[in-house]
$ cat work.cif   # mmCIF, C-alpha atoms
data_model
loop_
_atom_site.label_atom_id
_atom_site.label_comp_id
_atom_site.auth_asym_id
_atom_site.auth_seq_id
_atom_site.Cartn_x
_atom_site.Cartn_y
_atom_site.Cartn_z
CA MET W 769 3.49 -24.29 7.57
CA LEU W 770 2.05 -24.06 4.05
CA ILE W 771 -0.99 -25.99 2.91
CA ALA W 772 -1.18 -26.35 -0.89
CA VAL W 773 -4.40 -27.18 -2.68
CA VAL W 774 -4.51 -27.74 -6.44
CA GLY W 775 -7.67 -27.55 -8.53
CA LEU W 776 -10.63 -25.24 -8.92
CA LEU W 777 -12.98 -27.33 -6.80
CA ALA W 778 -10.77 -26.81 -3.77
CA LEU W 779 -10.92 -23.02 -3.89
CA TRP W 780 -13.88 -22.61 -1.55
CA VAL W 781 -16.10 -24.77 0.60
CA PRO W 782 -19.29 -22.86 1.51
CA GLY W 783 -19.97 -22.35 5.18
CA PRO W 784 -23.36 -22.62 6.84
CA ALA W 785 -26.09 -20.27 5.71
CA SER W 786 -26.08 -18.65 9.14
CA ALA W 787 -22.59 -17.30 8.37
CA ALA W 788 -23.84 -15.25 5.43
CA ARG W 789 -23.19 -11.94 7.22
CA ALA W 790 -21.50 -11.29 10.53
CA GLY W 791 -23.28 -7.93 10.92
CA ALA W 792 -22.72 -4.38 9.86
CA ALA W 793 -19.41 -2.76 10.74
CA ALA W 794 -19.42 -0.30 13.61
CA ASP W 795 -18.54 3.33 13.04
CA PRO W 796 -14.85 4.27 13.27
CA SER W 797 -13.68 4.39 16.87
CA CYS W 798 -12.20 7.91 16.80
CA PRO W 799 -13.94 11.18 17.70
CA ALA W 800 -15.90 12.80 14.88
CA ALA W 801 -13.26 15.51 14.51
CA ASP W 802 -10.67 12.86 13.54
CA ARG W 803 -12.87 11.04 11.05
CA ILE W 804 -13.03 11.03 7.28
CA ASP W 805 -16.54 10.19 6.10
CA THR W 806 -17.27 10.61 2.38
CA THR W 807 -20.09 9.34 0.19
CA LEU W 808 -18.96 9.31 -3.43
CA LYS W 809 -21.15 10.27 -6.36
CA ASN W 810 -22.33 6.72 -7.06
CA GLY W 811 -23.42 6.20 -3.43
CA ALA W 812 -20.40 4.25 -2.18
CA ARG W 813 -19.18 5.42 1.22
CA TRP W 814 -15.75 5.37 2.85
CA GLN W 815 -15.22 5.97 6.57
CA MET W 816 -11.96 6.00 8.52
CA CYS W 817 -9.93 7.70 11.22
CA TRP W 818 -6.72 9.60 10.58
CA ASP W 819 -3.74 10.68 12.64
CA ILE W 820 -0.09 11.67 12.17
CA ASP W 821 2.81 9.55 13.39
CA ARG W 822 6.26 11.12 13.62
CA ASN W 823 7.91 8.30 11.64
CA THR W 824 5.30 7.16 9.15
CA GLY W 825 3.32 10.36 8.58
CA ALA W 826 -0.39 9.87 7.95
CA VAL W 827 -1.93 6.79 9.59
CA LEU W 828 -5.41 5.65 8.55
CA SER W 829 -7.39 3.34 10.81
CA ASP W 830 -10.80 1.67 11.13
CA VAL W 831 -11.30 1.79 7.36
CA ILE W 832 -14.90 0.87 6.47
CA TYR W 833 -16.38 0.47 2.99
CA THR W 834 -20.09 0.63 2.20
CA PRO W 835 -20.87 -0.34 -1.40
CA ASN W 836 -23.57 1.50 -3.31
CA ARG W 837 -26.84 -0.03 -2.06
CA GLY W 838 -24.77 -2.30 0.21
CA THR W 839 -23.88 -2.98 3.84
CA PRO W 840 -20.87 -1.51 5.69
CA THR W 841 -17.89 -3.82 6.00
CA ARG W 842 -14.56 -3.28 7.73
CA VAL W 843 -11.44 -3.59 5.57
CA LEU W 844 -8.40 -2.37 7.51
CA LYS W 845 -7.68 -1.82 11.18
CA SER W 846 -4.78 0.43 10.23
CA ALA W 847 -2.65 1.40 7.21
CA SER W 848 0.54 3.43 6.88
CA LEU W 849 3.97 3.66 5.37
CA ALA W 850 6.52 1.36 7.00
CA GLU W 851 9.83 2.44 5.37
CA VAL W 852 11.26 4.39 2.44
CA HIS W 853 14.71 2.96 1.74
CA VAL W 854 16.88 4.91 -0.74
CA PRO W 855 20.21 3.21 -1.58
CA TYR W 856 22.47 4.69 -4.27
CA ASP W 857 23.99 2.49 -6.97
CA SER W 858 27.61 3.19 -6.02
CA GLY W 859 26.93 1.68 -2.59
CA GLN W 860 26.69 4.95 -0.64
CA PRO W 861 24.74 6.75 0.69
CA ARG W 862 21.91 4.52 1.89
CA PHE W 863 18.96 6.38 3.45
CA TYR W 864 16.12 5.08 5.64
CA ASP W 865 13.75 8.01 5.39
CA VAL W 866 10.90 6.74 7.59
CA SER W 867 12.84 5.23 10.49
CA SER W 868 15.82 7.63 10.53
CA ILE W 869 14.26 10.94 9.45
CA GLY W 870 10.49 10.62 9.81
CA PHE W 871 7.66 11.61 7.49
CA GLY W 872 5.44 13.25 10.11
CA ASP W 873 7.59 15.66 12.13
CA LEU W 874 6.13 19.18 12.06
CA GLU W 875 8.83 20.58 14.34
CA GLN W 876 11.66 19.35 12.09
CA GLY W 877 9.78 20.42 8.98
CA THR W 878 9.46 17.02 7.32
CA LEU W 879 5.64 17.10 7.32
CA ALA W 880 4.78 19.87 4.87
CA PRO W 881 1.91 22.32 5.42
CA LEU W 882 -0.64 22.25 2.58
CA SER W 883 -2.51 25.15 1.00
CA ALA W 884 -5.76 25.49 -0.91
CA LYS W 885 -3.74 25.20 -4.14
CA ASP W 886 -2.73 21.68 -3.11
CA CYS W 887 -6.34 20.70 -2.42
CA PRO W 888 -8.47 22.83 -4.78
CA ASP W 889 -11.64 20.76 -4.71
CA GLY W 890 -11.37 19.14 -1.30
CA ARG W 891 -11.02 19.82 2.38
CA LEU W 892 -7.81 20.45 4.28
CA ARG W 893 -7.50 18.74 7.66
CA ASP W 894 -5.37 20.19 10.46
CA PHE W 895 -2.87 18.50 12.73
CA ARG W 896 -1.78 20.73 15.63
CA ASP W 897 -3.44 23.69 13.91
CA THR W 898 -1.50 23.11 10.68
CA PRO W 899 -3.21 21.92 7.46
CA VAL W 900 -1.37 18.72 6.49
CA LEU W 901 -3.94 16.39 4.91
CA CYS W 902 -6.09 16.82 1.80
CA VAL W 903 -9.37 14.88 1.51
CA GLU W 904 -10.75 15.24 -2.00
CA GLU W 905 -13.16 13.46 -4.37
CA GLN W 906 -11.47 13.15 -7.77
CA PRO W 907 -12.62 11.81 -11.17
CA ARG W 908 -11.81 8.23 -12.12
CA PRO W 909 -12.06 7.98 -15.92
CA PHE W 910 -13.78 5.02 -17.59
CA ALA W 911 -15.01 3.23 -14.51
CA TYR W 912 -17.03 0.98 -16.81
CA LYS W 913 -18.73 0.73 -20.20
CA SER W 914 -21.49 -1.74 -20.95
CA ALA W 915 -23.99 -2.22 -23.73
CA VAL W 916 -26.37 -3.71 -21.16
CA GLU W 917 -26.10 -1.18 -18.34
CA LYS W 918 -26.54 2.30 -19.77
CA GLY W 919 -25.12 4.87 -17.43
CA VAL W 920 -22.24 7.05 -16.36
CA LEU W 921 -18.91 5.77 -17.66
CA HIS W 922 -16.77 7.66 -15.18
CA GLY W 923 -16.40 7.05 -11.47
CA THR W 924 -14.74 8.87 -8.61
CA ASP W 925 -12.06 8.25 -5.99
CA LEU W 926 -11.66 9.59 -2.51
CA ALA W 927 -8.05 10.83 -2.49
CA VAL W 928 -6.39 11.27 0.91
CA PHE W 929 -2.84 12.61 0.80
CA SER W 930 -0.08 14.39 2.67
CA VAL W 931 3.36 15.68 1.61
CA SER W 932 6.68 15.10 3.37
CA GLU W 933 9.86 17.02 2.58
CA ILE W 934 12.80 14.64 2.94
CA GLY W 935 16.13 16.05 1.79
CA TRP W 936 15.82 16.97 -1.90
CA TYR W 937 12.60 15.04 -2.36
CA ASP W 938 9.00 15.91 -1.72
CA TYR W 939 7.09 12.66 -1.16
CA ILE W 940 3.34 12.64 -1.79
CA THR W 941 1.81 9.86 0.31
CA GLU W 942 -1.60 9.13 -1.19
CA TRP W 943 -4.40 6.65 -0.57
CA ARG W 944 -7.13 6.41 -3.21
CA PHE W 945 -10.43 4.84 -2.18
CA SER W 946 -12.54 4.09 -5.26
CA ASP W 947 -16.30 3.84 -5.65
CA ASP W 948 -15.88 0.19 -6.72
CA GLY W 949 -14.24 -0.67 -3.37
CA SER W 950 -10.63 -0.80 -4.53
CA ILE W 951 -7.85 0.93 -2.61
CA THR W 952 -4.66 2.27 -4.22
CA PRO W 953 -1.83 3.18 -1.84
CA ARG W 954 0.92 5.00 -3.70
CA SER W 955 3.87 7.32 -3.20
CA GLY W 956 4.92 10.07 -5.57
CA ALA W 957 8.50 11.35 -5.46
CA THR W 958 9.00 14.88 -6.75
CA GLY W 959 10.89 18.00 -5.63
CA SER W 960 14.53 18.22 -6.73
CA LEU W 961 16.94 15.73 -8.25
CA SER W 962 19.59 14.62 -5.78
CA PRO W 963 22.81 16.66 -6.25
CA PHE W 964 25.08 13.62 -5.92
CA GLN W 965 27.24 13.61 -9.05
CA PHE W 966 30.12 11.40 -10.12
CA SER W 967 32.40 10.89 -13.10
CA ASP W 968 31.57 7.20 -13.32
CA ALA W 969 28.99 6.26 -15.97
CA SER W 970 28.62 2.78 -14.47
CA SER W 971 26.38 4.08 -11.66
CA GLY W 972 24.91 7.25 -13.14
CA TRP W 973 23.49 9.12 -16.12
CA PRO W 974 24.89 12.33 -17.65
CA THR W 975 22.80 15.39 -16.76
CA GLY W 976 23.54 18.96 -17.73
CA VAL W 977 26.07 20.02 -20.39
CA GLY W 978 28.34 17.34 -21.80
CA SER W 979 29.08 13.90 -20.41
CA THR W 980 31.58 14.44 -17.62
CA ARG W 981 29.21 14.64 -14.64
CA PHE W 982 26.72 11.91 -13.85
CA SER W 983 23.70 12.03 -11.57
CA GLU W 984 23.77 8.82 -9.58
CA ASN W 985 21.17 6.12 -10.08
CA HIS W 986 19.32 5.07 -6.95
CA SER W 987 16.30 3.10 -5.74
CA HIS W 988 13.18 4.07 -3.85
CA ASN W 989 12.15 0.94 -1.95
CA ILE W 990 8.85 1.67 -0.25
CA PHE W 991 7.14 -0.55 2.32
CA TRP W 992 3.53 -0.25 3.45
CA ARG W 993 2.01 -1.85 6.55
CA LEU W 994 -1.63 -3.04 6.29
CA ASP W 995 -3.38 -4.49 9.32
CA PHE W 996 -6.34 -6.29 7.73
CA ASP W 997 -9.64 -6.82 9.53
CA VAL W 998 -11.86 -8.31 6.84
CA ASP W 999 -15.32 -7.79 8.33
CA GLY W 1000 -13.69 -8.08 11.75
CA ALA W 1001 -10.36 -9.37 13.02
CA SER W 1002 -11.37 -12.94 13.89
CA LYS W 1003 -10.55 -15.85 11.59
CA ASN W 1004 -8.90 -13.83 8.82
CA THR W 1005 -6.57 -15.98 6.72
CA VAL W 1006 -4.12 -15.39 3.86
CA GLU W 1007 -4.11 -17.29 0.58
CA GLN W 1008 -1.72 -17.19 -2.38
CA TYR W 1009 -2.97 -18.00 -5.86
CA ASP W 1010 -0.82 -19.25 -8.75
CA TYR W 1011 -1.87 -20.30 -12.24
CA LEU W 1012 0.38 -23.08 -13.44
CA GLY W 1013 1.04 -24.21 -16.99
CA SER W 1014 2.91 -21.49 -18.86
CA GLY W 1015 3.65 -22.81 -22.36
CA THR W 1016 0.81 -25.34 -22.24
CA ALA W 1017 -2.78 -25.23 -23.47
CA ALA W 1018 -4.28 -25.86 -20.04
CA ARG W 1019 -3.66 -24.01 -16.82
CA THR W 1020 -4.25 -25.13 -13.25
CA THR W 1021 -5.19 -23.04 -10.25
CA LYS W 1022 -3.07 -23.58 -7.15
CA ARG W 1023 -4.17 -22.13 -3.82
CA THR W 1024 -1.65 -21.99 -0.97
CA VAL W 1025 -2.96 -21.19 2.49
CA PHE W 1026 -0.49 -19.38 4.73
CA SER W 1027 -1.36 -20.82 8.11
CA ARG W 1028 1.74 -19.29 9.72
CA GLU W 1029 3.82 -16.15 9.29
CA THR W 1030 5.75 -16.13 6.04
CA ALA W 1031 7.49 -14.11 3.34
CA ALA W 1032 6.53 -14.24 -0.33
CA ASP W 1033 7.70 -12.93 -3.69
CA LEU W 1034 6.17 -11.63 -6.88
CA ALA W 1035 5.62 -14.05 -9.76
CA PRO W 1036 3.66 -13.94 -13.01
CA THR W 1037 -0.11 -14.43 -12.46
CA ARG W 1038 0.37 -14.58 -8.68
CA PHE W 1039 -1.81 -12.71 -6.22
CA TRP W 1040 -2.76 -12.87 -2.56
CA ARG W 1041 -6.00 -12.36 -0.72
CA VAL W 1042 -6.95 -11.85 2.91
CA VAL W 1043 -10.22 -13.70 3.46
CA ASN W 1044 -12.76 -14.06 6.24
CA PRO W 1045 -14.18 -17.57 5.74
CA ALA W 1046 -16.89 -16.89 8.32
CA THR W 1047 -18.45 -14.08 6.28
CA GLU W 1048 -20.07 -14.61 2.88
CA ASN W 1049 -21.73 -12.40 0.31
CA SER W 1050 -25.27 -13.18 -0.84
CA ASP W 1051 -23.92 -15.70 -3.37
CA GLY W 1052 -22.39 -17.73 -0.55
CA HIS W 1053 -18.79 -16.77 -1.40
CA ALA W 1054 -16.28 -15.80 1.28
CA MET W 1055 -15.55 -12.08 1.46
CA SER W 1056 -11.93 -11.11 0.84
CA TRP W 1057 -9.57 -8.39 -0.35
CA GLU W 1058 -7.01 -9.15 -3.04
CA ILE W 1059 -3.51 -7.63 -3.06
CA ASP W 1060 -2.27 -6.83 -6.58
CA ASN W 1061 1.42 -5.91 -6.50
CA HIS W 1062 3.02 -6.27 -9.92
CA GLN W 1063 4.76 -2.93 -10.46
CA SER W 1064 8.01 -3.43 -8.57
CA ASP W 1065 11.64 -3.43 -9.69
CA GLN W 1066 12.32 -5.96 -6.90
CA TYR W 1067 15.40 -4.49 -5.27
CA ARG W 1068 17.60 -6.89 -3.30
CA GLY W 1069 20.29 -5.42 -1.04
CA PRO W 1070 23.19 -7.06 0.81
CA ARG W 1071 21.93 -9.85 3.03
CA GLU W 1072 24.14 -8.99 5.97
CA THR W 1073 22.59 -5.51 6.36
CA GLU W 1074 19.41 -5.42 4.23
CA GLU W 1075 17.83 -8.84 4.58
CA PHE W 1076 14.42 -7.16 4.82
CA THR W 1077 14.66 -6.21 1.12
CA HIS W 1078 14.84 -9.83 -0.04
CA HIS W 1079 11.09 -10.42 -0.28
CA ASP W 1080 8.23 -8.48 -1.85
CA MET W 1081 5.56 -9.45 0.68
CA TYR W 1082 5.51 -10.42 4.33
CA PHE W 1083 2.51 -11.69 6.27
CA THR W 1084 2.83 -11.53 10.04
CA GLN W 1085 0.61 -12.07 13.05
CA TYR W 1086 -0.46 -8.73 14.53
CA ARG W 1087 1.78 -7.40 17.26
CA GLU W 1088 1.39 -3.83 18.50
CA CYS W 1089 5.15 -3.18 18.59
CA GLU W 1090 5.82 -4.23 14.98
CA ARG W 1091 5.37 -0.85 13.28
CA LEU W 1092 8.31 -0.31 10.89
CA ALA W 1093 9.80 -2.53 8.21
CA TYR W 1094 13.29 -1.51 9.27
CA GLY W 1095 14.78 0.34 12.22
CA ASN W 1096 11.99 -0.69 14.56
CA THR W 1097 13.02 0.47 18.04
CA ALA W 1098 10.03 -0.62 20.15
CA PRO W 1099 11.17 -2.39 23.36
CA ASP W 1100 11.15 -6.20 23.35
CA CYS W 1101 10.43 -6.26 19.61
CA ALA W 1102 12.34 -7.32 16.50
CA THR W 1103 14.07 -4.62 14.48
CA SER W 1104 12.92 -5.42 10.91
CA VAL W 1105 10.14 -7.16 9.07
CA ASP W 1106 12.24 -10.18 8.02
CA LYS W 1107 12.58 -10.95 11.74
CA TYR W 1108 8.84 -10.62 12.40
CA THR W 1109 8.14 -13.85 10.53
CA GLY W 1110 8.88 -16.15 13.43
CA GLY W 1111 6.40 -18.88 12.58
CA GLU W 1112 3.45 -17.71 14.69
CA LYS W 1113 0.02 -18.97 13.71
CA LEU W 1114 -1.59 -16.47 11.35
CA THR W 1115 -5.08 -15.49 12.57
CA ASP W 1116 -4.91 -11.67 12.60
CA PRO W 1117 -2.73 -10.96 9.55
CA VAL W 1118 -0.69 -7.87 8.84
CA ALA W 1119 0.55 -7.50 5.25
CA TRP W 1120 3.84 -5.73 4.51
CA VAL W 1121 3.99 -4.74 0.84
CA SER W 1122 7.21 -3.63 -0.87
CA VAL W 1123 7.20 -1.72 -4.17
CA ASP W 1124 10.61 -0.76 -5.55
CA PHE W 1125 11.50 1.82 -8.21
CA HIS W 1126 14.96 2.19 -9.76
CA HIS W 1127 15.44 5.85 -10.63
CA VAL W 1128 17.86 6.43 -13.51
CA PRO W 1129 18.03 10.25 -13.75
CA ARG W 1130 17.48 12.16 -17.01
CA ASP W 1131 17.82 15.77 -18.08
CA GLU W 1132 14.06 16.23 -17.68
CA ASP W 1133 14.36 15.46 -13.94
CA GLN W 1134 16.17 18.71 -13.26
CA ASP W 1135 14.16 21.21 -11.21
CA PRO W 1136 11.32 20.80 -10.72
CA MET W 1137 11.44 17.01 -10.93
CA PRO W 1138 8.27 15.46 -12.40
CA THR W 1139 6.48 13.14 -9.96
CA HIS W 1140 7.17 9.44 -10.38
CA TRP W 1141 4.59 7.19 -8.75
CA GLN W 1142 4.91 3.72 -7.28
CA GLY W 1143 2.21 1.72 -5.53
CA PHE W 1144 -0.18 -1.23 -5.63
CA ARG W 1145 -3.89 -2.04 -5.43
CA ILE W 1146 -6.20 -3.74 -2.94
CA VAL W 1147 -9.30 -5.06 -4.71
CA PRO W 1148 -12.53 -6.42 -3.21
CA ARG W 1149 -13.04 -10.07 -4.15
CA ASP W 1150 -16.58 -11.36 -3.51
CA VAL W 1151 -17.43 -8.55 -1.09
CA THR W 1152 -20.58 -7.97 -3.14
CA ALA W 1153 -22.45 -10.47 -5.31
CA THR W 1154 -22.61 -8.15 -8.34
CA SER W 1155 -21.05 -4.92 -9.55
CA GLN W 1156 -22.26 -1.92 -7.60
CA LEU W 1157 -21.08 0.67 -10.14
CA PRO W 1158 -24.26 1.45 -12.15
#
$ encode --input "work.cif" --output "structure tokens"
Amino acid sequence: MLIAVVGLLALWVPGPASAARAGAAADPSCPAADRIDTTLKNGARWQMCWDIDRNTGAVLSDVIYTPNRGTPTRVLKSASLAEVHVPYDSGQPRFYDVSSIGFGDLEQGTLAPLSAKDCPDGRLRDFRDTPVLCVEEQPRPFAYKSAVEKGVLHGTDLAVFSVSEIGWYDYITEWRFSDDGSITPRSGATGSLSPFQFSDASSGWPTGVGSTRFSENHSHNIFWRLDFDVDGASKNTVEQYDYLGSGTAARTTKRTVFSRETAADLAPTRFWRVVNPATENSDGHAMSWEIDNHQSDQYRGPRETEEFTHHDMYFTQYRECERLAYGNTAPDCATSVDKYTGGEKLTDPVAWVSVDFHHVPRDEDQDPMPTHWQGFRIVPRDVTATSQLP
């Protein structure tokens, strides 16, 4: 069921003053040896647990953000990849790299060991005595510039990444946690260009000498799974915002509350937020995290076999067994994310975010292939009453 509200005055009704803060977030639940705990240069702090899953690779959990001069607040219960779907334009092959191959299998060699060269200014973390995760503070150029607040223009990010070797590709799975509270999950595909070559220009691009052999175009359709716990799991809700009136002088804000599980698609000026209406910042505004996903080629596969590709976002009620966007094999559980949206009431939301990239090869992609990145952003909305950057 969708509840639509039009008009700016309907965006937020303040709760009682006693709801101003539900209390500081607890420390991550994992042992200290499995924690990431970094205070960035401006004083912002990120805490989380990490582990490796055979299918999804790195899994981050109990993600807690403490703004500069602020109070700790929980953001995510867990976050990971959920599928990397690679269909080729001619119709075959069609790979499901997470569910069929696995990003985190040391024994099969898909989870790549890292060296100091991969993580020159950070710390390597070991899984089963093998360094597989880099935790590194990196510069973030032009964090702000203000004639009022004189100070450092540049910020920093906490970069957490691993590398998985899947066929010809090396996938860099990276999570960037910024000093302003934003989170950028992204995947970088590098390694070697697929050797599939054809003589048909309709589904490929000529690479190498002449124009008789074509490297086949293909898509990288990447799903992420984000189990939100905005300042705690209770009473989290999902809202969609649209700004109506393209081609007119005035625009109107439309808020749609997703009270039950649903799928959603990208649209101009559209965004989503996961909000905890019981927790407010010092201005009396509900704390939330906005999902900004506008960099997708929006792949749509055949409905009879790839129905899960027909939406850009899914919001589902948390269920332990719902781990993968496709090829989910947990007992007594649906097999793909399109089947998870069964109409349950949405109180503990999990967001499934799809970002698609259509790769049309070029001569410059031949070994080594430059990294192409695809991802999205999660931005704090009203978590603090003012900017915490200076």
$ residues_around --input "work.cif" --residues "Leu879 (chain W)" --least-positions-apart "3" --cutoff "7 Å" --atoms "all atoms listed in the file" --output "list in words"
Phe871, Gly872, Asp873, Leu874, Val931, Ser932 and Glu933 of chain W
$ atom_distance --input "work.cif" --atom1 "CA of Trp818 (chain W)" --atom2 "CA of Arg893 (chain W)"
9.6 Å
$ closest_atom_pairs --input "work.cif" --of "region 776-875 of chain W" --to "region 1088-1095 of chain W" --cutoff "7 Å" --atoms "only C-alpha atoms" --output "CSV"
residue,atom,partner,partner_atom,distance
W:Ala850,CA,W:Leu1092,CA,4.6
W:Glu851,CA,W:Ala1093,CA,5.7
W:Ser867,CA,W:Gly1095,CA,5.5
$ atom_distance --input "work.cif" --atom1 "CA of Asp997 (chain W)" --atom2 "CA of Gly890 (chain W)"
28.2 Å
$ resolve_selection --input "work.cif" --expression "the PyMOL selection byres ((chain W and resi 1049) around 9)" --output "list in words"
Ala788, Arg789, Thr1047, Glu1048, Ser1050, Asp1051, Gly1052, His1053, Ala1054, Met1055, Asp1150, Val1151, Thr1152 and Ala1153 of chain W
$ resolve_selection --input "work.cif" --expression "the PyMOL selection byres ((chain W and resi 832-849) around 8)" --output "number ranges by chain"
W: 792-793, 795-796, 810-816, 824-831, 850-852, 866, 947-949, 990-1000, 1057, 1152, 1156-1157
$ resolve_selection --input "work.cif" --expression "the PyMOL selection byres ((chain W and resi 927) around 8)" --output "number ranges by chain"
W: 902-906, 925-926, 928-929, 942-945
$ residues_near_point --input "work.cif" --point "(34.4, 5.6, -12.0)" --cutoff "12 Å" --atoms "all atoms listed in the file" --output "PyMOL selection string"
chain W and resi 857-858+965-972+980-982+984
$ closest_residue --input "work.cif" --among "W:Phe1039, W:Tyr1086, W:Phe1026, W:Trp973" --to "Tyr1009 (chain W)" --atoms "all atoms listed in the file"
W:Phe1039
$ axis_aligned_box --input "work.cif" --around "region 1147-1158 of chain W" --padding-each-side "4 Å" --output "JSON"
{"center_x": -16.8, "center_y": -5.0, "center_z": -6.6, "size_x": 23.0, "size_y": 20.8, "size_z": 19.1}
$ residues_around --input "work.cif" --residues "Lys1113 (chain W)" --least-positions-apart "5" --cutoff "12 Å" --atoms "all atoms listed in the file" --output "PyMOL selection string"
chain W and resi 769-770+1003-1006+1025-1030+1083-1086
$ closest_residue --input "work.cif" --among "W:Ile934, W:Val1121, W:Val900, W:Leu892" --to "Phe863 (chain W)" --atoms "only C-alpha atoms"
W:Ile934
$ closest_residue --input "work.cif" --among "W:Thr1021, W:Ser983, W:Thr1103, W:Thr1115" --to "Leu961 (chain W)" --atoms "only C-alpha atoms"
W:Ser983
$ closest_residue --input "work.cif" --among "W:Thr952, W:Gln1134, W:Ser1002, W:Ser960" --to "Asn1061 (chain W)" --atoms "only C-alpha atoms"
W:Thr952
$ atom_distance --input "work.cif" --atom1 "CA of Gly1069 (chain W)" --atom2 "CA of Tyr939 (chain W)"
22.4 Å
$ residues_near_point --input "work.cif" --point "(4.9, 11.0, -14.6)" --cutoff "10 Å" --atoms "all atoms listed in the file" --output "MDAnalysis selection string"
chainID W and resid 956:958 1137:1141
$ closest_residue --input "work.cif" --among "W:Arg803, W:Cys1101, W:Lys918, W:Ser987" --to "Asp894 (chain W)" --atoms "only C-alpha atoms"
W:Arg803
$ closest_residue --input "work.cif" --among "W:Glu1007, W:Asp1100, W:Asp889, W:Asp805" --to "Pro1117 (chain W)" --atoms "only C-alpha atoms"
W:Glu1007
$ residues_around --input "work.cif" --residues "Pro907 (chain W)" --least-positions-apart "5" --cutoff "8 Å" --atoms "all atoms listed in the file" --output "ChimeraX atom specification"
/W:922-925
$ decode --input "work.cif" --residues "region 1013-1029 of chain W" --atoms "N, CA and C atoms" --output "CSV table (one decimal), in the first residue's frame"
chain,number,residue,atom,x,y,z
W,1013,GLY,N,6.2,19.0,-12.0
W,1013,GLY,CA,6.0,20.3,-12.7
W,1013,GLY,C,7.1,20.6,-13.7
W,1014,SER,N,7.7,19.6,-14.3
W,1014,SER,CA,8.6,19.9,-15.4
W,1014,SER,C,8.0,20.6,-16.5
W,1015,GLY,N,8.6,21.7,-17.0
W,1015,GLY,CA,8.0,22.6,-18.0
W,1015,GLY,C,7.1,23.7,-17.5
W,1016,THR,N,7.0,23.8,-16.2
W,1016,THR,CA,6.2,24.8,-15.6
W,1016,THR,C,7.0,25.7,-14.6
W,1017,ALA,N,6.5,26.9,-14.3
W,1017,ALA,CA,7.3,27.8,-13.4
W,1017,ALA,C,7.4,27.3,-12.0
W,1018,ALA,N,6.3,26.6,-11.5
W,1018,ALA,CA,6.3,26.1,-10.1
W,1018,ALA,C,6.4,24.6,-10.1
W,1019,ARG,N,7.0,24.2,-9.0
W,1019,ARG,CA,7.2,22.7,-8.8
W,1019,ARG,C,6.6,22.4,-7.4
W,1020,THR,N,6.1,21.1,-7.4
W,1020,THR,CA,5.5,20.7,-6.1
W,1020,THR,C,6.2,19.4,-5.6
W,1021,THR,N,6.4,19.4,-4.3
W,1021,THR,CA,7.0,18.2,-3.7
W,1021,THR,C,5.9,17.2,-3.4
W,1022,LYS,N,6.2,15.9,-3.8
W,1022,LYS,CA,5.3,14.8,-3.5
W,1022,LYS,C,6.1,13.8,-2.7
W,1023,ARG,N,5.6,13.5,-1.5
W,1023,ARG,CA,6.2,12.4,-0.7
W,1023,ARG,C,5.3,11.2,-0.8
W,1024,THR,N,5.9,10.0,-1.1
W,1024,THR,CA,5.2,8.8,-1.0
W,1024,THR,C,5.8,7.9,0.0
W,1025,VAL,N,5.0,7.5,1.0
W,1025,VAL,CA,5.4,6.6,2.0
W,1025,VAL,C,5.2,5.1,1.6
W,1026,PHE,N,6.3,4.3,1.6
W,1026,PHE,CA,6.1,2.9,1.3
W,1026,PHE,C,5.8,2.2,2.6
W,1027,SER,N,4.6,1.9,2.8
W,1027,SER,CA,4.2,1.2,4.1
W,1027,SER,C,4.4,-0.3,4.0
W,1028,ARG,N,4.5,-0.8,2.7
W,1028,ARG,CA,4.7,-2.2,2.5
W,1028,ARG,C,5.8,-2.4,1.5
W,1029,GLU,N,6.2,-3.7,1.4
W,1029,GLU,CA,7.3,-4.0,0.4
W,1029,GLU,C,6.9,-3.6,-1.0
